[in-house]
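> Structure file start_9.txt, compact mmCIF, C-alpha atoms, is pasted below:
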```txt
# COMPACT_ATOMS: atom_id res chain seq x y z
CA MET K 1 98.43 20.20 79.87
CA ALA K 2 96.29 22.07 82.39
CA ASP K 3 95.57 24.79 79.81
CA GLN K 4 94.33 22.15 77.38
CA ASP K 5 91.88 20.82 79.98
CA LYS K 6 90.21 24.22 80.43
CA ILE K 7 86.67 24.42 79.06
CA VAL K 8 86.28 27.34 76.65
CA HIS K 9 82.93 29.14 76.93
CA SER K 10 81.85 31.30 74.04
CA TYR K 11 80.45 34.76 74.68
CA ASP K 12 78.72 36.37 71.75
CA ALA K 13 75.51 38.18 70.80
CA ASN K 14 73.45 35.03 71.41
CA ASP K 15 74.34 35.22 75.12
CA ILE K 16 72.70 38.64 75.62
CA GLN K 17 69.25 38.18 77.16
CA VAL K 18 66.42 40.69 77.03
CA LEU K 19 63.84 40.24 79.78
CA GLU K 20 60.48 41.54 78.62
CA GLY K 21 57.51 42.69 80.64
CA LEU K 22 57.69 41.83 84.33
CA GLU K 23 60.10 38.92 83.93
CA ALA K 24 62.95 41.11 85.18
CA VAL K 25 61.15 41.55 88.50
CA ARG K 26 60.63 37.82 88.92
CA ARG K 27 64.27 37.06 88.07
CA ARG K 28 65.75 39.79 90.29
CA PRO K 29 63.20 40.61 93.04
CA GLY K 30 65.92 42.05 95.28
CA MET K 31 66.25 45.08 93.04
CA TYR K 32 62.55 45.94 93.36
CA VAL K 33 61.41 44.85 96.84
CA GLY K 34 64.72 44.24 98.62
CA GLY K 35 64.89 40.44 98.45
CA THR K 36 62.72 37.39 99.04
CA ASP K 37 62.65 37.34 102.83
CA LEU K 38 60.07 38.40 105.42
CA LYS K 39 60.96 42.07 105.12
CA ALA K 40 60.48 41.98 101.34
CA LEU K 41 57.16 40.17 101.77
CA HIS K 42 55.78 43.00 103.89
CA HIS K 43 57.15 45.48 101.39
CA LEU K 44 54.58 44.17 98.88
CA VAL K 45 51.78 45.41 101.12
CA TYR K 46 53.52 48.74 101.69
CA GLU K 47 53.82 49.37 97.95
CA VAL K 48 50.06 49.00 97.45
CA VAL K 49 49.17 51.03 100.55
CA ASP K 50 51.64 53.77 99.54
CA ASN K 51 49.54 54.36 96.40
CA SER K 52 46.48 54.89 98.59
CA ILE K 53 48.45 57.24 100.84
CA ASP K 54 49.44 59.24 97.75
CA GLU K 55 45.73 59.68 97.01
CA ALA K 56 45.29 60.93 100.57
CA LEU K 57 48.13 63.43 100.15
CA ALA K 58 46.41 64.66 96.99
CA GLY K 59 43.23 65.20 99.04
CA TYR K 60 41.08 62.42 97.56
CA CYS K 61 41.31 59.55 100.05
CA THR K 62 40.19 59.40 103.68
CA GLU K 63 39.96 55.67 104.39
CA ILE K 64 42.31 52.76 103.71
CA SER K 65 41.58 49.16 104.69
CA VAL K 66 44.00 46.22 104.69
CA THR K 67 42.75 42.65 105.19
CA ILE K 68 44.91 39.52 105.54
CA HIS K 69 42.88 36.46 104.49
CA GLU K 70 43.28 32.92 105.74
CA ASP K 71 45.15 31.82 102.58
CA ASP K 72 47.72 34.63 103.13
CA SER K 73 46.27 36.74 100.35
CA VAL K 74 45.90 40.45 101.11
CA THR K 75 43.22 42.97 100.11
CA VAL K 76 43.90 46.71 100.13
CA THR K 77 40.88 49.00 99.66
CA ASP K 78 40.72 52.80 99.48
CA ASN K 79 38.22 55.50 98.57
CA GLY K 80 40.53 57.51 96.32
CA ARG K 81 39.86 58.45 92.70
CA GLY K 82 40.47 54.95 91.35
CA ILE K 83 43.02 53.96 88.71
CA PRO K 84 41.98 55.27 85.27
CA VAL K 85 40.48 52.51 83.09
CA GLY K 86 40.24 54.29 79.74
CA ILE K 87 42.34 53.30 76.72
CA HIS K 88 45.89 54.62 76.92
CA PRO K 89 46.64 56.82 73.87
CA THR K 90 49.95 55.15 72.93
CA MET K 91 49.68 51.65 74.43
CA ASN K 92 46.18 51.01 72.98
CA ARG K 93 44.99 49.15 76.05
CA SER K 94 43.37 50.04 79.34
CA ALA K 95 45.39 52.35 81.56
CA LEU K 96 44.70 49.93 84.42
CA GLU K 97 46.45 47.12 82.55
CA VAL K 98 49.34 49.46 81.67
CA VAL K 99 49.83 50.44 85.31
CA MET K 100 49.70 46.83 86.53
CA THR K 101 51.82 45.13 83.87
CA ILE K 102 54.41 47.63 82.60
CA LEU K 103 57.38 48.87 84.58
CA HIS K 104 57.84 52.63 84.85
CA ALA K 105 54.22 53.39 84.05
CA GLY K 106 52.34 55.69 86.41
CA GLY K 107 50.92 59.13 87.05
CA LYS K 108 53.67 60.44 89.35
CA PHE K 109 56.48 61.39 87.00
CA ASP K 110 55.36 65.04 87.10
CA SER K 111 53.35 67.18 89.49
CA GLY K 112 50.23 67.26 87.31
CA SER K 113 48.18 64.61 89.13
CA TYR K 114 50.16 64.43 92.37
CA LYS K 115 51.98 67.43 93.83
CA VAL K 116 53.62 65.17 96.42
CA SER K 117 53.79 61.38 96.38
CA GLY K 118 55.76 58.46 97.73
CA GLY K 119 55.51 56.59 94.43
CA LEU K 120 58.03 57.88 91.91
CA HIS K 121 59.23 55.21 89.56
CA GLY K 122 56.04 53.59 88.30
CA VAL K 123 57.39 50.28 89.57
CA GLY K 124 55.76 49.49 92.93
CA VAL K 125 52.36 48.00 92.14
CA SER K 126 53.56 46.33 88.94
CA ALA K 127 56.36 44.69 90.95
CA VAL K 128 53.76 43.43 93.43
CA ASN K 129 51.76 42.01 90.53
CA ALA K 130 54.86 40.32 89.09
CA LEU K 131 55.73 38.67 92.41
CA SER K 132 52.19 37.44 93.06
CA GLU K 133 50.78 34.03 92.21
CA TRP K 134 47.61 35.92 91.28
CA CYS K 135 46.29 39.45 91.64
CA GLU K 136 42.86 41.01 91.13
CA VAL K 137 42.11 44.72 90.87
CA ILE K 138 38.62 46.18 91.12
CA VAL K 139 38.18 49.85 90.28
CA TYR K 140 35.13 51.92 91.22
CA ARG K 141 34.97 54.79 88.80
CA GLU K 142 32.45 56.75 86.70
CA GLY K 143 29.49 54.78 88.07
CA LYS K 144 30.92 51.41 87.01
CA ILE K 145 32.82 48.56 88.64
CA HIS K 146 35.82 47.46 86.56
CA LYS K 147 37.87 44.31 87.14
CA GLN K 148 40.99 42.61 85.79
CA ARG K 149 42.80 39.49 86.99
CA TYR K 150 46.49 38.64 86.58
CA GLU K 151 48.52 35.49 87.16
CA ARG K 152 52.24 35.94 87.78
CA GLY K 153 52.03 39.39 86.25
CA ARG K 154 50.15 38.46 83.09
CA PRO K 155 46.50 39.47 82.55
CA THR K 156 44.12 36.55 82.14
CA GLY K 157 41.72 38.70 80.12
CA PRO K 158 40.85 42.32 79.32
CA VAL K 159 39.46 44.82 81.80
CA GLU K 160 35.74 44.11 82.13
CA VAL K 161 32.78 45.90 83.66
CA ILE K 162 31.22 43.64 86.31
CA GLY K 163 28.56 45.97 87.67
CA LYS K 164 27.39 49.46 88.48
CA CYS K 165 27.89 51.71 91.48
CA LYS K 166 26.97 55.21 92.57
CA GLU K 167 28.68 57.99 90.67
CA SER K 168 30.05 59.26 93.97
CA LYS K 169 31.71 55.93 94.80
CA THR K 170 35.35 55.79 93.70
CA GLY K 171 38.44 53.87 94.71
CA ASN K 172 40.44 50.68 94.28
CA LYS K 173 40.30 47.19 95.72
CA THR K 174 43.50 45.23 95.13
CA THR K 175 43.83 41.59 96.22
CA PHE K 176 47.02 39.59 95.73
CA ARG K 177 48.63 36.36 96.94
CA PHE K 178 52.40 36.33 96.94
CA ASP K 179 54.18 33.69 94.85
CA ARG K 180 55.61 31.04 97.18
CA THR K 181 57.98 29.84 94.46
CA ILE K 182 59.84 33.17 94.73
CA PHE K 183 59.79 33.98 98.46
CA ILE K 184 61.62 31.83 101.00
CA GLU K 185 59.73 29.02 102.66
CA ASP K 186 57.53 29.53 105.71
CA VAL K 187 57.27 33.32 105.38
CA SER K 188 53.92 34.78 106.33
CA PHE K 189 52.53 38.23 107.05
CA ARG K 190 52.88 39.40 110.65
CA PHE K 191 50.09 41.45 112.16
CA ASP K 192 52.35 43.34 114.56
CA THR K 193 54.80 44.33 111.80
CA LEU K 194 52.03 45.69 109.59
CA SER K 195 50.20 47.43 112.45
CA GLN K 196 53.37 49.26 113.50
CA ARG K 197 53.92 50.52 109.94
CA PHE K 198 50.29 51.61 109.51
CA ARG K 199 50.33 53.40 112.87
CA GLU K 200 53.33 55.41 111.64
CA MET K 201 51.55 56.16 108.36
CA ALA K 202 48.45 57.39 110.20
CA PHE K 203 50.53 59.68 112.41
CA VAL K 204 52.37 61.19 109.44
CA THR K 205 49.25 61.41 107.24
CA ARG K 206 46.86 63.06 109.63
CA LYS K 207 43.08 62.64 109.39
CA VAL K 208 43.28 59.43 107.34
CA LYS K 209 41.81 56.27 108.83
CA ILE K 210 43.85 53.10 108.25
CA SER K 211 42.29 49.77 109.26
CA LEU K 212 44.02 46.39 109.54
CA VAL K 213 42.11 43.11 109.79
CA ASP K 214 43.70 39.67 110.17
CA GLU K 215 41.17 36.93 109.45
CA ARG K 216 43.71 34.23 110.38
CA GLN K 217 43.86 35.33 114.04
CA ASN K 218 40.60 37.26 114.27
CA ARG K 219 42.50 40.47 115.11
CA GLN K 220 41.89 44.00 113.96
CA MET K 221 43.10 47.53 114.64
CA ALA K 222 42.30 50.97 113.27
CA PHE K 223 44.44 54.11 113.33
CA TYR K 224 43.34 57.73 113.03
CA PHE K 225 45.21 60.76 114.39
CA GLU K 226 44.53 64.46 114.05
CA GLY K 227 47.62 65.61 115.94
CA GLY K 228 50.11 64.35 113.36
CA ILE K 229 53.74 63.84 114.35
CA SER K 230 53.30 65.73 117.64
CA SER K 231 50.89 62.98 118.68
CA PHE K 232 53.48 60.48 117.43
CA VAL K 233 56.13 61.86 119.80
CA ARG K 234 53.68 61.82 122.73
CA TYR K 235 52.82 58.21 121.87
CA LEU K 236 56.50 57.20 121.84
CA ASN K 237 57.05 58.90 125.22
CA ARG K 238 53.90 57.57 126.85
CA ASN K 239 55.96 55.50 129.34
CA ARG K 240 58.74 58.08 129.82
CA LYS K 241 58.90 61.25 131.90
CA ALA K 242 59.14 64.24 129.57
CA LEU K 243 61.30 67.26 130.44
CA HIS K 244 59.15 69.74 128.48
CA PRO K 245 56.16 69.99 126.07
CA VAL K 246 56.59 68.82 122.48
CA VAL K 247 58.42 71.32 120.24
CA TYR K 248 56.76 71.48 116.82
CA ALA K 249 58.17 72.97 113.63
CA ASP K 250 56.09 73.40 110.49
CA SER K 251 57.51 75.25 107.48
CA GLU K 252 57.42 75.28 103.71
CA LEU K 253 60.72 76.30 102.18
CA GLU K 254 61.36 76.25 98.44
CA SER K 255 58.16 74.20 97.86
CA ILE K 256 59.29 71.56 100.36
CA GLY K 257 57.05 70.92 103.36
CA ILE K 258 58.99 70.34 106.57
CA GLU K 259 57.56 69.09 109.88
CA ALA K 260 59.47 68.15 113.00
CA SER K 261 58.56 67.34 116.60
CA ILE K 262 61.10 67.23 119.43
CA GLN K 263 60.87 66.23 123.09
CA TYR K 264 63.50 65.28 125.68
CA THR K 265 62.81 62.74 128.41
CA GLU K 266 64.63 61.49 131.49
CA SER K 267 65.56 58.26 129.68
CA TYR K 268 68.97 57.72 128.08
CA SER K 269 67.89 56.20 124.78
CA GLU K 270 67.41 57.99 121.47
CA SER K 271 64.20 57.53 119.46
CA VAL K 272 64.38 59.38 116.15
CA TYR K 273 62.28 58.60 113.06
CA SER K 274 62.45 60.17 109.62
CA PHE K 275 59.85 60.22 106.85
CA ALA K 276 59.88 61.44 103.27
CA ASN K 277 56.47 61.80 101.59
CA THR K 278 55.06 59.63 104.43
CA ILE K 279 57.52 56.80 103.68
CA HIS K 280 59.58 55.70 106.67
CA THR K 281 63.22 56.15 105.62
CA MET K 282 64.73 53.59 107.97
CA ASP K 283 68.30 54.44 106.96
CA GLY K 284 67.70 58.16 107.42
CA GLY K 285 69.13 60.53 104.86
CA THR K 286 69.66 64.24 104.42
CA HIS K 287 66.51 65.23 106.36
CA LEU K 288 67.67 63.28 109.42
CA THR K 289 71.18 64.74 109.15
CA GLY K 290 69.66 68.24 109.05
CA LEU K 291 67.52 67.55 112.13
CA ARG K 292 70.44 66.29 114.20
CA ALA K 293 72.74 69.12 113.11
CA ALA K 294 70.11 71.74 114.01
CA ILE K 295 69.51 70.30 117.48
CA THR K 296 73.23 70.12 118.30
CA ARG K 297 73.91 73.65 117.02
CA VAL K 298 70.95 75.24 118.81
CA ILE K 299 71.75 73.58 122.15
CA ASN K 300 75.41 74.63 122.02
CA ASP K 301 74.48 78.21 121.05
CA TYR K 302 71.90 78.43 123.83
CA ALA K 303 74.30 77.01 126.45
CA ARG K 304 77.03 79.49 125.48
CA ARG K 305 74.68 82.45 125.31
CA ASN K 306 73.30 81.75 128.79
CA SER K 307 76.65 80.84 130.38
CA LEU K 308 75.55 77.26 131.01
CA LEU K 309 78.81 76.13 129.42
CA LYS K 310 82.09 77.64 130.62
CA ASP K 311 84.47 79.22 128.14
CA SER K 312 86.95 76.44 128.82
CA ASP K 313 84.38 73.69 128.24
CA PRO K 314 84.21 72.06 124.81
CA ASN K 315 80.97 72.04 122.84
CA PHE K 316 78.51 69.21 123.29
CA SER K 317 78.89 66.49 120.71
CA GLY K 318 75.99 65.07 118.73
CA GLU K 319 75.91 62.06 121.06
CA ASP K 320 75.57 64.32 124.09
CA THR K 321 72.61 66.22 122.62
CA ARG K 322 70.75 63.11 121.47
CA GLU K 323 70.64 61.23 124.76
CA GLY K 324 67.02 61.08 125.90
CA LEU K 325 65.81 62.65 122.64
CA THR K 326 62.58 61.65 120.93
CA ALA K 327 62.11 63.31 117.56
CA ILE K 328 60.27 62.94 114.27
CA VAL K 329 61.13 64.70 111.03
CA SER K 330 58.82 64.49 108.02
CA VAL K 331 59.40 66.16 104.67
CA LYS K 332 57.10 66.39 101.68
CA HIS K 333 59.20 66.87 98.57
CA PRO K 334 57.85 67.25 95.00
CA ASP K 335 60.87 65.38 93.61
CA PRO K 336 62.46 63.16 96.28
CA GLN K 337 65.53 61.12 95.40
CA PHE K 338 65.76 57.81 97.23
CA GLU K 339 68.70 55.45 97.43
CA SER K 340 66.73 52.60 95.84
CA GLN K 341 63.24 51.36 94.99
CA THR K 342 62.78 50.26 98.62
CA LYS K 343 63.13 53.95 99.62
CA VAL K 344 64.99 53.49 102.90
CA LYS K 345 67.20 56.60 102.55
CA LEU K 346 66.56 60.13 101.24
CA MET K 347 69.38 61.57 99.13
CA ASN K 348 68.32 65.15 98.18
CA PRO K 349 71.26 67.36 99.28
CA GLU K 350 69.21 70.58 99.55
CA VAL K 351 66.91 69.02 102.16
CA GLN K 352 69.63 69.00 104.83
CA THR K 353 70.05 72.78 104.78
CA LEU K 354 66.30 73.47 104.68
CA VAL K 355 65.51 71.09 107.55
CA GLN K 356 68.38 72.55 109.57
CA GLN K 357 66.98 76.05 109.02
CA ALA K 358 63.35 75.19 109.85
CA VAL K 359 64.12 73.08 112.90
CA GLY K 360 66.80 75.48 114.14
CA GLU K 361 64.43 78.47 114.12
CA ALA K 362 61.59 76.66 115.88
CA PHE K 363 63.80 74.96 118.51
CA SER K 364 65.78 78.14 119.25
CA THR K 365 62.56 80.14 119.70
CA PHE K 366 61.19 77.49 122.08
CA LEU K 367 64.32 77.53 124.26
CA GLU K 368 64.31 81.34 124.48
CA GLU K 369 60.62 81.39 125.46
CA ASN K 370 60.95 78.47 127.90
CA PRO K 371 64.14 78.99 129.95
CA SER K 372 63.26 76.29 132.50
CA ALA K 373 62.97 73.74 129.69
CA GLY K 374 66.23 75.02 128.23
CA LYS K 375 68.07 74.55 131.53
CA ALA K 376 66.63 71.03 131.94
CA ILE K 377 67.83 70.05 128.46
CA ILE K 378 71.31 71.53 129.04
CA LYS K 379 71.53 69.72 132.39
CA LYS K 380 70.67 66.48 130.60
CA CYS K 381 73.38 67.11 128.00
CA LEU K 382 75.94 67.97 130.71
CA THR K 383 75.22 64.71 132.50
CA SER K 384 75.70 62.83 129.26
CA PHE K 385 78.93 64.73 128.49
CA ARG K 386 80.44 64.06 131.95
CA ALA K 387 79.51 60.37 131.87
CA ARG K 388 81.00 59.98 128.41
CA ASP K 389 84.15 61.89 129.42
CA ALA K 390 84.59 59.77 132.57
CA ALA K 391 84.13 56.58 130.56
CA ARG K 392 86.73 57.76 128.03
CA LYS K 393 89.27 58.56 130.75
CA ALA K 394 88.71 55.20 132.43
CA ARG K 395 89.13 53.41 129.10
CA ASP K 396 92.33 55.33 128.33
CA LEU K 397 93.72 54.46 131.77
CA VAL K 398 93.05 50.75 131.27
CA ILE K 399 94.62 50.83 127.79
CA ARG K 400 97.71 52.68 129.07
CA LYS K 401 98.12 50.33 132.02
CA SER K 402 97.78 47.26 129.80
CA ALA K 403 100.36 48.67 127.39
CA LEU K 404 102.89 49.29 130.20
CA GLU K 405 102.36 45.85 131.72
CA SER K 406 103.03 44.19 128.41
CA LEU K 407 106.36 46.01 127.90
CA THR K 408 109.63 44.28 128.77
CA LEU K 409 112.11 46.90 130.01
CA PRO K 410 115.68 46.78 128.68
CA GLY K 411 118.38 45.54 131.10
CA LYS K 412 119.72 48.87 132.32
CA LEU K 413 116.19 50.18 132.95
CA ALA K 414 115.03 47.09 134.80
CA ASP K 415 114.00 47.30 138.45
CA CYS K 416 116.90 46.92 140.85
CA SER K 417 117.32 43.67 142.75
CA GLU K 418 119.55 42.75 145.65
CA LEU K 419 120.76 39.36 146.85
CA TYR K 420 121.57 38.83 150.52
CA PRO K 421 124.28 36.33 151.43
```
Now, as a test, write the supplied structure out as structure tokens.

Amino acid sequence: MADQDKIVHSYDANDIQVLEGLEAVRRRPGMYVGGTDLKALHHLVYEVVDNSIDEALAGYCTEISVTIHEDDSVTVTDNGRGIPVGIHPTMNRSALEVVMTILHAGGKFDSGSYKVSGGLHGVGVSAVNALSEWCEVIVYREGKIHKQRYERGRPTGPVEVIGKCKESKTGNKTTFRFDRTIFIEDVSFRFDTLSQRFREMAFVTRKVKISLVDERQNRQMAFYFEGGISSFVRYLNRNRKALHPVVYADSELESIGIEASIQYTESYSESVYSFANTIHTMDGGTHLTGLRAAITRVINDYARRNSLLKDSDPNFSGEDTREGLTAIVSVKHPDPQFESQTKVKLMNPEVQTLVQQAVGEAFSTFLEENPSAGKAIIKKCLTSFRARDAARKARDLVIRKSALESLTLPGKLADCSELYP
């Protein structure tokens, strides 16, 4: 009887849906920007700014400006080359419209226009357009000002010329307002979250000025650094006592640019950041694994070679060598492989070996040339090792004692007892 009450659902060719254009992004935003929460909201801004950073990496952009307006719309402006506006040879419409409205359309699938870039899939800015209530793009290029407007990913008209400009003036101005019907209620851009990200970008992309203006709170900040990631490490350690000067590694191995900065402090926390093509890989990846492996190996080798570890002592573990460490690793890869569109983890297996080699050589050379710094670092690691070993022994003692107390001894092994008359 129960089987007869079951509702039978048909499943045939009519049930297969094909989502055209940007509808897939609107239906499944998590796949493209990581969800519909506050983190995903800020990711919209990062996607647009990343395109400007790519222009900077290519040598064409020196200034990027981000403005949050009172209605929560955002404008990103740069002085790069500007998105091409000519007619695309196969799509028969403006290249600007193709870039903004078609997934997997962009100029970064080969190394012709961009040797190194953070954008790879041709998805980022079109996903932003799809998840916006409206979006406007103004392109300064070839002495003309071009404009196109979109609503929920669809163009409201063709690309039009709205004025003239100097031939030397180039760049993009993108303004968008996120679609509140897609993102969770009460989300809004946070100045501090954006400023922290842009500070990191400015450190990693040296000599590029990034400005952030919040018209809602009348706040603004600008970031510009010439020292790169070495300045980044000094900034992170500004309130800590450093044990030695910043160790800097800069190599290009197999067409992959590798930078790393290392400094130990008297603190006991670890501050390590990893970047791939200027994108902060928050979940790390092969470049971070290579950095940590190199540091642990070099410290153990140095300690053994200089008799700072006894023959009977075990090697330092990774935890021992990372206590008090502040480090940045940044790689520039012509073909990076990320875990997903949100690019939080680098997956290229060859990067681990190359980073380990570059960092290992630079760090080993520094320790050999600066024995006092080497001894201070080893002393720090020894303190960490002894504290960890003492904590382990104390934990094992408590566990063993608890286990014995919970045991009930059999009769003939029980403690003796005596009764007096």
> Mind checking which residues fall within 6 Å of Thr101 of chain K, counting all atoms listed in the file, ignoring those fewer than 3 positions away in the same chain, and posting them as a VMD selection string?
chain K and resid 97 to 98 126
> Using only C-alpha atoms, please write the residues we just selected to a file, as a compact mmCIF listing (two decimals), in the frame of the given file.

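Generated output (selection_36.txt):
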```txt
# COMPACT_ATOMS: atom_id res chain seq x y z
CA GLU K 97 46.45 47.12 82.55
CA VAL K 98 49.34 49.46 81.67
CA SER K 126 53.56 46.33 88.94
```
> Measuring atom to atom with all atoms listed in the file, identify which of K:Val329, K:Glu323, K:His43, K:Val187 is nearest to Ser230 of chain K.
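The closest residue to Ser230 of chain K is K:Val329.
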> I need the residue nearest Val33 of chain K from this list: K:Thr67, K:Thr321, K:Val74, K:Lys343. Use all atoms listed in the file for the distance.
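Under the stated criterion, the closest residue is K:Lys343.
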> Give the answer as one residue: which of K:Arg199, K:Arg81, K:His146, K:Arg292 has the shortest atom-to-atom distance to Leu212 of chain K, using all atoms listed in the file?
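Counting all atoms listed in the file, the residue closest to Leu212 of chain K is K:Arg199.
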> Which neighbours of segment 158-170 of chain K fall inside 7 Å, counting all atoms listed in the file, when residues of the same chain fewer than 6 positions from it are skipped, and could you give them as a list of chain:residue names?
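Neighbouring residues, sequence-local ones excluded: K:Asn79, K:Gly80, K:Arg81, K:Gly82, K:Ser94, K:Tyr140, K:Arg141, K:Glu142, K:Gly143, K:Lys144, K:Ile145, K:His146, K:Lys147, K:Gln148.
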> To one decimal place, how far is atom CA of Glu259 of chain K from atom CA of Val125 of chain K in Å?
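For atom CA of Glu259 of chain K relative to atom CA of Val125 of chain K, the distance reads 28.0 Å.
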> Quick one: pull the distance between atom CA of Gly227 of chain K and atom CA of His333 of chain K, Å, one decimal.
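Straight-line distance from atom CA of Gly227 of chain K to atom CA of His333 of chain K works out to 20.9 Å.
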> Quick one: residues within 12 Å of segment 352-362 of chain K, only C-alpha atoms counted, chain neighbours fewer than 5 positions away excluded, as an mmCIF file with C-alpha atoms, keeping the file's coordinate frame?

```cif
data_model
loop_
_atom_site.group_PDB
_atom_site.id
_atom_site.type_symbol
_atom_site.label_atom_id
_atom_site.label_comp_id
_atom_site.auth_asym_id
_atom_site.auth_seq_id
_atom_site.Cartn_x
_atom_site.Cartn_y
_atom_site.Cartn_z
ATOM 1 C CA VAL K 246 56.590 68.820 122.480
ATOM 2 C CA VAL K 247 58.420 71.320 120.240
ATOM 3 C CA TYR K 248 56.760 71.480 116.820
ATOM 4 C CA ALA K 249 58.170 72.970 113.630
ATOM 5 C CA ASP K 250 56.090 73.400 110.490
ATOM 6 C CA SER K 251 57.510 75.250 107.480
ATOM 7 C CA GLU K 252 57.420 75.280 103.710
ATOM 8 C CA LEU K 253 60.720 76.300 102.180
ATOM 9 C CA GLU K 254 61.360 76.250 98.440
ATOM 10 C CA SER K 255 58.160 74.200 97.860
ATOM 11 C CA ILE K 256 59.290 71.560 100.360
ATOM 12 C CA GLY K 257 57.050 70.920 103.360
ATOM 13 C CA ILE K 258 58.990 70.340 106.570
ATOM 14 C CA GLU K 259 57.560 69.090 109.880
ATOM 15 C CA ALA K 260 59.470 68.150 113.000
ATOM 16 C CA SER K 261 58.560 67.340 116.600
ATOM 17 C CA ILE K 262 61.100 67.230 119.430
ATOM 18 C CA SER K 274 62.450 60.170 109.620
ATOM 19 C CA ALA K 276 59.880 61.440 103.270
ATOM 20 C CA GLY K 284 67.700 58.160 107.420
ATOM 21 C CA GLY K 285 69.130 60.530 104.860
ATOM 22 C CA THR K 286 69.660 64.240 104.420
ATOM 23 C CA HIS K 287 66.510 65.230 106.360
ATOM 24 C CA LEU K 288 67.670 63.280 109.420
ATOM 25 C CA THR K 289 71.180 64.740 109.150
ATOM 26 C CA GLY K 290 69.660 68.240 109.050
ATOM 27 C CA LEU K 291 67.520 67.550 112.130
ATOM 28 C CA ARG K 292 70.440 66.290 114.200
ATOM 29 C CA ALA K 293 72.740 69.120 113.110
ATOM 30 C CA ALA K 294 70.110 71.740 114.010
ATOM 31 C CA ILE K 295 69.510 70.300 117.480
ATOM 32 C CA THR K 296 73.230 70.120 118.300
ATOM 33 C CA ARG K 297 73.910 73.650 117.020
ATOM 34 C CA VAL K 298 70.950 75.240 118.810
ATOM 35 C CA ILE K 299 71.750 73.580 122.150
ATOM 36 C CA ASN K 300 75.410 74.630 122.020
ATOM 37 C CA ASP K 301 74.480 78.210 121.050
ATOM 38 C CA TYR K 302 71.900 78.430 123.830
ATOM 39 C CA ALA K 327 62.110 63.310 117.560
ATOM 40 C CA ILE K 328 60.270 62.940 114.270
ATOM 41 C CA VAL K 329 61.130 64.700 111.030
ATOM 42 C CA SER K 330 58.820 64.490 108.020
ATOM 43 C CA VAL K 331 59.400 66.160 104.670
ATOM 44 C CA LYS K 332 57.100 66.390 101.680
ATOM 45 C CA HIS K 333 59.200 66.870 98.570
ATOM 46 C CA LEU K 346 66.560 60.130 101.240
ATOM 47 C CA MET K 347 69.380 61.570 99.130
ATOM 48 C CA LEU K 367 64.320 77.530 124.260
ATOM 49 C CA GLU K 368 64.310 81.340 124.480
ATOM 50 C CA GLU K 369 60.620 81.390 125.460
#
```
